[in-house]
$ cat protein_6.txt   # compact mmCIF, C-alpha atoms
# COMPACT_ATOMS: atom_id res chain seq x y z
CA MET A 1 19.34 14.99 39.78
CA ASN A 2 19.87 11.29 39.54
CA LEU A 3 23.05 11.84 37.59
CA HIS A 4 24.30 14.20 40.21
CA GLU A 5 23.83 11.63 42.95
CA LYS A 6 25.93 9.09 41.13
CA ARG A 7 28.77 11.51 40.39
CA ILE A 8 32.15 9.84 40.37
CA PRO A 9 34.60 11.51 42.74
CA ILE A 10 37.81 13.00 41.44
CA ILE A 11 40.38 13.14 44.20
CA LYS A 12 43.46 15.29 44.05
CA ILE A 13 46.61 14.09 45.82
CA HIS A 14 49.76 16.17 45.28
CA ASP A 15 50.22 16.33 41.54
CA TYR A 16 47.85 13.54 40.76
CA LEU A 17 44.16 13.05 40.25
CA ILE A 18 42.63 9.77 41.34
CA VAL A 19 39.37 8.68 39.76
CA PRO A 20 37.90 5.54 41.32
CA ILE A 21 35.07 4.33 39.10
CA GLN A 22 32.93 2.17 41.34
CA VAL A 23 29.63 1.99 39.54
CA ASP A 24 28.72 0.70 36.12
CA MET A 25 28.63 3.73 33.91
CA HIS A 26 26.09 4.50 31.24
CA ASP A 27 27.09 6.47 28.19
CA LYS A 28 25.88 9.85 29.41
CA MET A 29 27.75 9.44 32.65
CA ALA A 30 30.93 8.48 30.79
CA ILE A 31 30.79 11.62 28.68
CA GLN A 32 30.15 13.71 31.76
CA LEU A 33 33.07 12.09 33.56
CA GLN A 34 35.35 12.74 30.63
CA SER A 35 34.69 16.46 30.60
CA GLN A 36 34.80 16.61 34.39
CA ILE A 37 38.24 15.05 34.49
CA LEU A 38 39.57 17.36 31.77
CA GLU A 39 38.21 20.40 33.58
CA GLU A 40 39.72 19.20 36.81
CA ILE A 41 43.09 18.70 35.08
CA ALA A 42 42.97 22.28 33.84
CA ARG A 43 41.89 23.64 37.21
CA THR A 44 44.39 21.77 39.42
CA ARG A 45 47.27 21.57 36.92
CA ALA A 46 47.56 17.86 37.70
CA LYS A 47 50.50 16.06 36.14
CA GLY A 48 48.94 12.63 36.13
CA VAL A 49 45.56 10.92 36.31
CA LEU A 50 44.95 7.44 37.73
CA ILE A 51 41.68 5.87 36.70
CA ASP A 52 40.83 2.83 38.82
CA ILE A 53 38.43 0.42 37.13
CA SER A 54 39.12 -2.57 39.35
CA VAL A 55 35.48 -3.01 40.34
CA LEU A 56 34.09 -2.67 36.84
CA GLU A 57 33.00 -6.08 35.64
CA MET A 58 31.87 -4.92 32.28
CA VAL A 59 33.30 -2.34 29.93
CA ASP A 60 31.54 -1.87 26.62
CA SER A 61 33.04 -0.43 23.46
CA PHE A 62 31.75 3.05 24.26
CA ILE A 63 33.41 3.19 27.67
CA GLY A 64 36.54 1.65 26.17
CA ARG A 65 36.68 4.34 23.51
CA MET A 66 35.95 6.99 26.11
CA LEU A 67 38.89 5.82 28.22
CA SER A 68 41.35 5.73 25.34
CA GLY A 69 40.03 9.05 24.06
CA MET A 70 40.55 10.58 27.44
CA ALA A 71 44.17 9.40 27.48
CA SER A 72 44.90 11.17 24.22
CA MET A 73 43.03 14.32 25.30
CA ALA A 74 44.95 14.43 28.55
CA ALA A 75 48.21 13.84 26.69
CA ILE A 76 47.54 16.99 24.65
CA MET A 77 47.07 18.82 27.94
CA ASP A 78 50.48 17.52 29.07
CA THR A 79 49.06 15.05 31.58
CA SER A 80 49.59 11.29 31.66
CA VAL A 81 46.67 8.95 32.20
CA VAL A 82 47.16 5.48 33.65
CA ILE A 83 44.29 3.00 33.80
CA VAL A 84 44.71 0.63 36.72
CA GLY A 85 43.23 -2.64 37.91
CA MET A 86 41.45 -3.90 34.84
CA GLN A 87 39.77 -7.26 35.36
CA PRO A 88 40.87 -10.19 33.16
CA ALA A 89 37.34 -10.62 31.82
CA VAL A 90 37.21 -6.96 30.86
CA ALA A 91 40.58 -7.20 29.11
CA ILE A 92 39.38 -10.23 27.16
CA THR A 93 36.17 -8.46 26.15
CA LEU A 94 38.01 -5.35 24.98
CA VAL A 95 40.46 -7.41 22.95
CA GLU A 96 37.63 -9.41 21.41
CA LEU A 97 35.93 -6.13 20.51
CA GLY A 98 39.14 -5.07 18.79
CA LEU A 99 39.62 -2.21 21.22
CA GLU A 100 43.27 -2.67 22.00
CA MET A 101 43.69 0.87 23.33
CA PRO A 102 47.07 1.62 21.82
CA GLY A 103 48.90 4.41 23.55
CA VAL A 104 47.03 3.98 26.82
CA ASP A 105 49.17 3.15 29.82
CA THR A 106 47.90 0.48 32.14
CA ALA A 107 49.00 -0.87 35.50
CA LEU A 108 48.01 -3.84 37.62
CA ASN A 109 47.06 -1.82 40.69
CA MET A 110 47.01 1.66 42.17
CA GLU A 111 50.50 1.30 43.64
CA LYS A 112 52.10 0.25 40.37
CA GLY A 113 50.15 2.92 38.52
CA MET A 114 51.44 5.58 40.88
CA GLU A 115 55.00 4.31 40.39
CA MET A 116 54.54 4.43 36.66
CA LEU A 117 53.34 8.04 36.78
CA GLU A 118 56.23 9.05 38.99
CA ARG A 119 58.70 7.39 36.64
CA LYS A 120 57.19 9.22 33.70
CA LEU A 121 57.30 12.56 35.47
CA ASN A 122 60.93 11.95 36.44
CA ASN A 123 61.81 11.10 32.85
CA ARG A 124 60.13 14.23 31.62
CA LYS A 125 61.89 16.33 34.21
CA ASN A 126 65.28 14.80 33.36
CA ASN A 127 64.72 15.32 29.67
CA SER A 128 63.70 18.93 30.03
CA VAL A 129 66.65 19.82 32.27
CA MET B 130 -9.98 -99.45 22.59
CA SER B 131 -12.96 -97.29 23.13
CA GLU B 132 -13.75 -94.40 20.77
CA SER B 133 -15.32 -92.34 23.54
CA ILE B 134 -13.21 -89.72 25.29
CA ASN B 135 -12.38 -90.54 28.85
CA ILE B 136 -12.36 -87.33 30.86
CA THR B 137 -13.58 -86.98 34.38
CA ASN B 138 -14.60 -83.75 35.97
CA ILE B 139 -14.01 -81.74 32.86
CA LYS B 140 -15.64 -78.52 34.04
CA ASP B 141 -13.61 -78.25 37.27
CA ARG B 142 -10.36 -79.04 35.54
CA ILE B 143 -10.86 -76.42 32.82
CA ASP B 144 -11.64 -73.91 35.56
CA ARG B 145 -8.43 -74.90 37.34
CA ILE B 146 -6.38 -74.43 34.14
CA GLU B 147 -7.93 -70.99 33.70
CA ASP B 148 -7.10 -70.08 37.31
CA ILE B 149 -3.50 -71.25 36.98
CA LEU B 150 -2.99 -69.42 33.68
CA ALA B 151 -4.46 -66.28 35.20
CA SER B 152 -2.11 -66.40 38.18
CA VAL B 153 0.88 -67.09 35.89
CA ALA B 154 -0.10 -64.10 33.79
CA ALA B 155 -0.30 -62.07 36.99
CA GLY B 156 3.31 -62.99 37.73
CA ASP B 157 3.10 -65.99 40.05
CA MET B 158 5.62 -68.28 38.40
CA GLU B 159 5.24 -70.97 41.05
CA ALA B 160 1.68 -71.90 40.08
CA ARG B 161 1.33 -75.36 38.45
CA ILE B 162 -1.69 -77.49 37.62
CA GLN B 163 -0.15 -80.73 38.93
CA THR B 164 -3.03 -82.95 38.06
CA GLU B 165 -3.27 -86.35 39.75
CA THR B 166 -5.88 -87.99 37.60
CA GLU B 167 -4.75 -90.11 34.67
CA ASP B 168 -6.90 -89.72 31.59
CA ASP B 169 -6.94 -88.19 28.10
CA PHE B 170 -6.91 -84.62 29.41
CA SER B 171 -4.01 -85.01 31.83
CA GLY B 172 -1.52 -84.93 28.91
CA ILE B 173 -2.66 -81.40 28.03
CA GLU B 174 -2.42 -80.31 31.67
CA ALA B 175 1.11 -81.73 31.91
CA ALA B 176 2.03 -79.92 28.70
CA ILE B 177 0.76 -76.64 30.10
CA ASP B 178 2.86 -77.20 33.23
CA LEU B 179 5.91 -77.82 31.03
CA LEU B 180 5.24 -74.66 29.07
CA ILE B 181 4.97 -72.68 32.28
CA ASN B 182 8.29 -74.18 33.39
CA ASP B 183 9.91 -73.14 30.13
CA LEU B 184 8.48 -69.67 30.40
CA THR B 185 9.79 -69.30 33.94
CA GLU B 186 13.23 -70.37 32.83
CA GLU B 187 13.12 -67.99 29.88
CA LEU B 188 12.10 -65.08 32.08
CA ARG B 189 14.87 -65.84 34.54
CA GLN B 190 17.40 -65.85 31.71
CA ARG B 191 16.11 -62.57 30.39
CA GLU B 192 16.34 -60.96 33.78
CA LYS B 193 19.92 -62.12 34.14
CA VAL B 194 20.90 -60.72 30.74
CA GLN B 195 19.20 -57.45 31.52
CA LYS B 196 21.10 -57.13 34.77
CA GLU B 197 24.36 -57.82 32.99
CA LEU B 198 23.57 -55.19 30.40
CA GLU B 199 22.69 -52.68 33.06
CA SER B 200 25.92 -53.23 34.92
CA LYS B 201 27.86 -52.91 31.67
CA LEU B 202 26.06 -49.68 30.86
CA GLU B 203 26.89 -48.37 34.29
CA LYS B 204 30.53 -49.25 33.76
CA ILE B 205 30.55 -47.48 30.40
CA GLN B 206 28.97 -44.40 31.89
CA GLU B 207 31.58 -44.43 34.63
CA GLN B 208 34.31 -44.63 32.02
CA GLN B 209 32.76 -41.82 30.04
CA LYS B 210 32.76 -39.67 33.14
CA THR B 211 36.42 -40.46 33.78
CA ILE B 212 37.32 -39.56 30.20
CA LEU B 213 35.54 -36.21 30.43
CA GLN B 214 37.19 -35.49 33.75
CA GLN B 215 40.58 -36.36 32.34
CA GLN B 216 40.02 -34.17 29.32
CA GLU B 217 39.24 -31.26 31.60
CA ASP B 218 42.26 -32.03 33.73
CA LEU B 219 44.41 -32.22 30.63
CA LEU B 220 43.16 -28.83 29.53
CA GLU B 221 44.02 -27.42 32.92
CA LEU B 222 47.36 -29.18 33.06
CA SER B 223 48.26 -28.15 29.55
CA SER B 224 48.58 -24.52 30.54
CA PRO B 225 50.39 -24.24 33.85
CA VAL B 226 51.32 -20.70 34.81
CA SER B 227 54.14 -20.52 37.33
CA LYS B 228 55.88 -17.70 39.06
CA VAL B 229 59.59 -18.30 38.62
CA TRP B 230 61.10 -15.12 39.97
CA ASP B 231 60.03 -11.87 41.58
CA ASN B 232 57.62 -10.27 39.20
CA ILE B 233 58.07 -12.94 36.50
CA LEU B 234 55.50 -15.51 35.34
CA ILE B 235 56.19 -18.29 32.85
CA LEU B 236 53.64 -20.10 30.72
CA PRO B 237 55.34 -22.93 28.82
CA VAL B 238 53.18 -24.25 26.00
CA ILE B 239 53.77 -27.79 24.75
CA GLY B 240 51.89 -29.52 21.97
CA THR B 241 49.51 -28.36 19.31
CA LEU B 242 47.39 -25.36 20.13
CA ASP B 243 43.73 -25.11 19.29
CA SER B 244 41.29 -22.31 19.91
CA GLN B 245 39.84 -23.84 23.05
CA ARG B 246 43.23 -24.44 24.58
CA THR B 247 44.49 -20.96 23.80
CA GLN B 248 41.31 -19.56 25.33
CA VAL B 249 41.91 -21.48 28.57
CA MET B 250 45.56 -20.43 28.48
CA MET B 251 44.64 -16.78 28.09
CA GLU B 252 42.17 -16.88 30.97
CA ASN B 253 44.64 -18.72 33.24
CA LEU B 254 47.45 -16.33 32.46
CA LEU B 255 45.38 -13.18 33.01
CA GLN B 256 43.95 -14.57 36.23
CA LYS B 257 47.42 -15.41 37.48
CA ILE B 258 48.76 -11.97 36.56
CA VAL B 259 46.05 -10.36 38.66
CA GLU B 260 46.53 -12.82 41.54
CA THR B 261 50.30 -12.51 41.79
CA GLY B 262 50.71 -8.93 40.65
CA CYS B 263 53.59 -9.93 38.36
CA THR B 264 54.21 -7.39 35.61
CA ILE B 265 56.27 -9.57 33.29
CA SER B 266 55.04 -12.83 31.80
CA ILE B 267 56.85 -15.07 29.36
CA LEU B 268 54.89 -17.16 26.87
CA ASP B 269 57.26 -19.91 25.79
CA ILE B 270 56.11 -21.70 22.63
CA THR B 271 59.22 -23.82 22.06
CA GLY B 272 57.12 -26.96 22.30
CA VAL B 273 54.55 -25.89 19.74
CA PRO B 274 55.10 -27.50 16.34
CA THR B 275 52.83 -25.30 14.20
CA VAL B 276 50.34 -22.49 14.48
CA ASP B 277 47.51 -21.39 12.22
CA THR B 278 45.92 -17.99 11.73
CA GLN B 279 43.42 -18.45 14.52
CA VAL B 280 45.99 -19.56 17.06
CA ALA B 281 48.40 -16.79 16.10
CA ASN B 282 45.56 -14.31 16.53
CA HIS B 283 44.76 -15.78 19.91
CA LEU B 284 48.37 -15.41 21.00
CA LEU B 285 48.25 -11.77 19.89
CA LYS B 286 45.04 -11.27 21.84
CA THR B 287 46.60 -12.80 24.94
CA VAL B 288 49.54 -10.41 24.73
CA THR B 289 47.25 -7.42 24.16
CA ALA B 290 44.94 -8.38 27.01
CA ALA B 291 47.94 -8.75 29.34
CA ARG B 292 49.05 -5.28 28.29
CA LEU B 293 45.58 -3.91 29.08
CA LEU B 294 45.92 -5.33 32.59
CA GLY B 295 49.21 -3.53 32.93
CA ALA B 296 51.61 -6.42 32.44
CA GLU B 297 54.14 -7.05 29.72
CA CYS B 298 54.04 -10.32 27.81
CA ILE B 299 57.09 -11.71 26.03
CA ILE B 300 56.84 -14.55 23.51
CA SER B 301 59.88 -16.80 23.34
CA GLY B 302 60.95 -19.86 21.40
CA ILE B 303 59.31 -19.16 18.05
CA SER B 304 60.51 -21.97 15.79
CA PRO B 305 61.59 -21.35 12.18
CA ALA B 306 58.47 -23.09 10.93
CA ILE B 307 56.21 -20.87 13.03
CA ALA B 308 58.13 -17.75 12.02
CA GLN B 309 57.59 -18.69 8.38
CA THR B 310 53.90 -19.37 8.89
CA ILE B 311 53.31 -16.14 10.76
CA VAL B 312 55.02 -14.02 8.11
CA HIS B 313 53.28 -15.87 5.28
CA LEU B 314 49.93 -15.39 6.98
CA GLY B 315 50.67 -11.69 7.11
CA ILE B 316 50.34 -11.40 10.88
CA ASP B 317 52.14 -8.43 12.33
CA LEU B 318 54.09 -9.33 15.45
CA SER B 319 56.22 -6.18 15.40
CA THR B 320 54.33 -4.65 18.33
CA ILE B 321 55.07 -7.70 20.46
CA ARG B 322 58.34 -8.39 22.20
CA THR B 323 59.74 -11.69 21.01
CA LYS B 324 62.88 -13.45 22.23
CA ALA B 325 64.73 -16.36 20.64
CA THR B 326 64.84 -18.66 23.65
CA LEU B 327 63.36 -18.91 27.09
CA GLN B 328 66.81 -18.05 28.43
CA ASP B 329 66.91 -14.77 26.50
CA ALA B 330 63.42 -13.94 27.69
CA MET B 331 64.42 -14.66 31.29
CA ILE B 332 67.51 -12.46 30.97
CA PHE B 333 65.42 -9.66 29.50
CA ALA B 334 62.82 -9.97 32.25
CA MET B 335 65.47 -9.93 34.99
CA LYS B 336 67.10 -6.87 33.45
CA GLN B 337 63.74 -5.18 33.34
CA ASN B 338 63.24 -6.06 37.00
CA LYS B 339 66.62 -4.66 37.90
CA ARG B 340 65.95 -1.47 35.99
CA ASP B 341 62.64 -1.03 37.80
CA ASP B 342 64.38 -1.52 41.14
CA GLU B 343 67.05 1.02 40.24
CA ILE B 344 64.45 3.55 39.19
CA ARG B 345 62.58 2.93 42.41
CA ALA B 346 65.75 3.46 44.43
CA LEU B 347 66.61 6.57 42.43
CA LYS B 348 63.14 7.96 42.91
CA ASN B 349 63.49 7.66 46.68
CA ILE B 350 66.50 9.92 46.50
CA VAL B 351 65.04 12.28 43.96
CA ILE B 352 61.76 12.96 45.70
CA PRO B 353 63.18 14.58 48.88
CA ASN B 354 65.35 16.79 46.68
CA GLU B 355 62.30 17.78 44.76
CA HIS B 356 60.60 18.96 47.92
CA ALA B 357 63.71 20.80 49.03
CA ASP B 358 63.72 22.88 45.85
$ encode --input "protein_6.txt" --output "structure tokens"
Amino acid sequence: MNLHEKRIPIIKIHDYLIVPIQVDMHDKMAIQLQSQILEEIARTRAKGVLIDISVLEMVDSFIGRMLSGMASMAAIMDTSVVIVGMQPAVAITLVELGLEMPGVDTALNMEKGMEMLERKLNNRKNNSV
Amino acid sequence: MSESINITNIKDRIDRIEDILASVAAGDMEARIQTETEDDFSGIEAAIDLLINDLTEELRQREKVQKELESKLEKIQEQQKTILQQQEDLLELSSPVSKVWDNILILPVIGTLDSQRTQVMMENLLQKIVETGCTISILDITGVPTVDTQVANHLLKTVTAARLLGAECIISGISPAIAQTIVHLGIDLSTIRTKATLQDAMIFAMKQNKRDDEIRALKNIVIPNEHAD
């Protein structure tokens, strides 16, 4: 019940899903979020996912791995994931932990992340035509 | 010459000496016996007075020296404080991050790098990236004579952390000596964009900016079409 109360919203706007993470997540919640997002991608046929972690002051190795894992999972489902708004302290921690998240796209803020997704979708469209 | 000792009022006088010594011991340096009678005992009383005088003088000297020492200590502490402050300032000054163009930050590094300095640099740069929202930053190490494994690793970490924030970090001005060291140390810089000079890095950054602008302009045209389809 407690988990349900703290559920992280997944908002759909046009072709994108926006996931604002505004509470410190514990491991169980992270796993739940991961499957939730993937299910939502399948259900809504979203082309891109923006995960906003600008209020997270701490990201441990588990959450870090979860985020990068989710990017690869979404990529298999033909959806791009962009992580936006990481705090400097979080970036330093992740790098010190050796979690450099290769292959994960990042952007400074929501706006730039959105632009990045649009650019990617355009590229894909142009390539396929 | 009489053999007998000529002392008058011996009891009172000894009491007086005791009193005076007691008050001197208690800190009253003005107390003196100042005897008026002239006999065999008065010499001893005068001697005691002299000793008290000497003691007073000695104490005064000591106090003076102590005060001098204290003021010197204070001065030294003041200097110490200034030195610490200056060291901190130097650390801050040694890694200035400036925005030179739309979307472009430059961090020129001059002098030898150590772990502490690179740490401060990294924090400053990341903070500035978030503050200004610039997506391209140039780390110019033209002024760095040598690097060791630790510093090279720190530079790598800085670039990676900037990437995690969503900004691109270009390293420019790697000297031949540093290039040699890095390759000999077996550090892989292939994932990092490096440019020969600050000028090249600037040109690259401006081109990147221009490309982004063009894409943005293009997108504005494309999107309405998309909806029309």
$ interface_residues --input "protein_6.txt" --of "chain B" --to "chain A" --cutoff "9 Å" --atoms "only C-alpha atoms" --output "VMD selection string"
chain B and resid 251 to 252 255 to 256 258 to 259 262 to 264 286 to 287 289 to 296 344 to 345 348 351
$ atom_distance --input "protein_6.txt" --atom1 "atom CA of Pro237 of chain B" --atom2 "atom CA of Thr211 of chain B"
26.3 Å
$ residues_near_point --input "protein_6.txt" --point "(33.0, 3.5, 40.1)" --cutoff "7 Å" --atoms "only C-alpha atoms" --output "VMD selection string"
chain A and resid 8 20 to 24 53 55
$ residues_around --input "protein_6.txt" --residues "Asp157 of chain B" --least-positions-apart "5" --cutoff "12 Å" --atoms "all atoms listed in the file" --output "PDB file with C-alpha atoms, in the frame of the given file"
ATOM      1  CA  ASP B 148      -7.100 -70.080  37.310  1.00  0.00           C
ATOM      2  CA  ILE B 149      -3.500 -71.250  36.980  1.00  0.00           C
ATOM      3  CA  LEU B 150      -2.990 -69.420  33.680  1.00  0.00           C
ATOM      4  CA  ALA B 151      -4.460 -66.280  35.200  1.00  0.00           C
ATOM      5  CA  SER B 152      -2.110 -66.400  38.180  1.00  0.00           C
ATOM      6  CA  ILE B 181       4.970 -72.680  32.280  1.00  0.00           C
ATOM      7  CA  ASN B 182       8.290 -74.180  33.390  1.00  0.00           C
ATOM      8  CA  LEU B 184       8.480 -69.670  30.400  1.00  0.00           C
ATOM      9  CA  THR B 185       9.790 -69.300  33.940  1.00  0.00           C
TER      10      THR B 185
END
$ closest_residue --input "protein_6.txt" --among "A:Glu111, A:His26, A:Ala46, A:Glu40" --to "Met58 of chain A" --atoms "all atoms listed in the file"
A:His26
$ atom_distance --input "protein_6.txt" --atom1 "atom CA of Ala30 of chain A" --atom2 "atom CA of Val49 of chain A"
15.8 Å
$ atom_distance --input "protein_6.txt" --atom1 "atom CA of Ala175 of chain B" --atom2 "atom CA of Gln163 of chain B"
7.2 Å
$ residues_around --input "protein_6.txt" --residues "Arg7 of chain A" --least-positions-apart "5" --cutoff "10 Å" --atoms "only C-alpha atoms" --output "PyMOL selection string"
chain A and resi 2+21+23+29+32-33+36
$ closest_residue --input "protein_6.txt" --among "B:Gly156, B:Arg161, B:Glu167, B:Gln248" --to "Thr137 of chain B" --atoms "only C-alpha atoms"
B:Glu167
$ closest_residue --input "protein_6.txt" --among "B:Ile265, B:Leu314, B:Val249, B:Leu188" --to "Ile332 of chain B" --atoms "all atoms listed in the file"
B:Ile265
$ closest_residue --input "protein_6.txt" --among "A:Arg43, A:Met114, A:Ala74, A:Met66" --to "Lys28 of chain A" --atoms "all atoms listed in the file"
A:Met66
$ residues_around --input "protein_6.txt" --residues "Thr310 of chain B" --least-positions-apart "3" --cutoff "10 Å" --atoms "only C-alpha atoms" --output "list of chain:residue names"
B:Thr275, B:Val276, B:Asp277, B:Thr278, B:Ala281, B:Ser304, B:Pro305, B:Ala306, B:Ile307, B:His313, B:Leu314, B:Gly315, B:Ile316
$ axis_aligned_box --input "protein_6.txt" --around "segment 125-128 of chain A" --padding-each-side "6 Å" --output "JSON"
{"center_x": 63.6, "center_y": 16.9, "center_z": 31.9, "size_x": 15.4, "size_y": 16.1, "size_z": 16.5}
